[in-house]
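**Student:** Dropping the structure in here first, questions after.
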Amino acid sequence: DRTMEFPRVAGAVSTRPHRYAYVAGVGEGFAPGVLYKHDVVAGTVTQHDYGTGRGTGEPEFVARPNGTSEDDGWLMSYVYDATMKSSELVILDALDLSAVGRVLLPQRVPHGFHGNWIADRSVPPPA
């Protein structure tokens, strides 16, 4: 009953049954929209609205170290602000979709730009 794209789940459950899925909502004219969190067990949907003229790209889930639940972590996505013609990286608490932080970017990030999170401990140091 809503238009959306770029579904993501926590990496730890990407090949197993999971409870939560995060997706980018699509607004009128295929404009980026809100972020949706689907609880597939409870059958509920919550959302984070970034404000007028602002819309999210693909969300990426980053697990909190020693997290206690599947959704214990953060959601990061590029958000485009059509009124300012600029982008920023916005970080939300995945538990309740409250805003945690934002990083203003020096230029616009194109719609559809994909990303992944790789923890620094997962990458060997340079030789």
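Going through the structure tokens in order, the chains are called A, B, and so on, while each chain numbers its residues from 1 and the ligands are numbered from 1 in the order shown.
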Show me, as a list in words, the residues that have an atom within 7 Å of stretch 89-102 of chain A when counting only C-alpha atoms, minus same-chain residues fewer than 4 positions from it.

**Tutor:**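 The neighbour list is His48, Asp71, Asp72, Gly73, Trp74, Leu75, Met76, Ser77, Tyr78 and Val79 of chain A.
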
**Student:** Please identify all polymer residues within 10 Å of A:Arg54, counting only C-alpha atoms, omitting same-chain residues fewer than 5 positions from it, and present them as a list in words.

**Tutor:** Ala31, Pro32, Gly33, Val34, Asp49, Val79, Tyr80, Asp81, Ala82, Thr83, Met84, Lys85, Ser86 and Ser87 of chain A

**Student:** Hey, can you check how far atom CA of A:Thr52 sits from atom CA of A:Asp1?

**Tutor:**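 We find that atom CA of A:Thr52 and atom CA of A:Asp1 lie 21.4 Å from each other.
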
**Student:** Could I get the residues of stretch 9-47 of chain A with an atom no further than 9 Å from an atom of stretch 56-63 of chain A, each paired with its nearest atom pair and that distance in Å to one decimal, using only C-alpha atoms, sorted by chain and residue number, as CSV?

**Tutor:**
```
residue,atom,partner,partner_atom,distance
A:Val9,CA,A:Phe61,CA,6.9
A:Ala10,CA,A:Phe61,CA,5.6
A:Gly11,CA,A:Phe61,CA,7.4
A:Ala12,CA,A:Ala63,CA,8.5
A:Tyr22,CA,A:Pro59,CA,6.7
A:Val23,CA,A:Pro59,CA,6.6
A:Ala24,CA,A:Glu58,CA,5.7
A:Gly25,CA,A:Thr56,CA,7.5
A:Val26,CA,A:Thr56,CA,8.7
A:Pro32,CA,A:Thr56,CA,5.5
A:Gly33,CA,A:Thr56,CA,5.7
A:Val34,CA,A:Thr56,CA,6.2
A:Leu35,CA,A:Thr56,CA,6.5
```

**Student:** Atom CA of A:Arg8 and atom CA of A:Val45 are how many Å apart?

**Tutor:**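 Computing the Euclidean distance for atom CA of A:Arg8 and atom CA of A:Val45 yields 14.3 Å.
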
**Student:** How far is it from atom CA of A:Val109 to atom CA of A:Glu88, in Å with one decimal?

**Tutor:**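 Value for the atom CA of A:Val109-atom CA of A:Glu88 distance: 8.1 Å.
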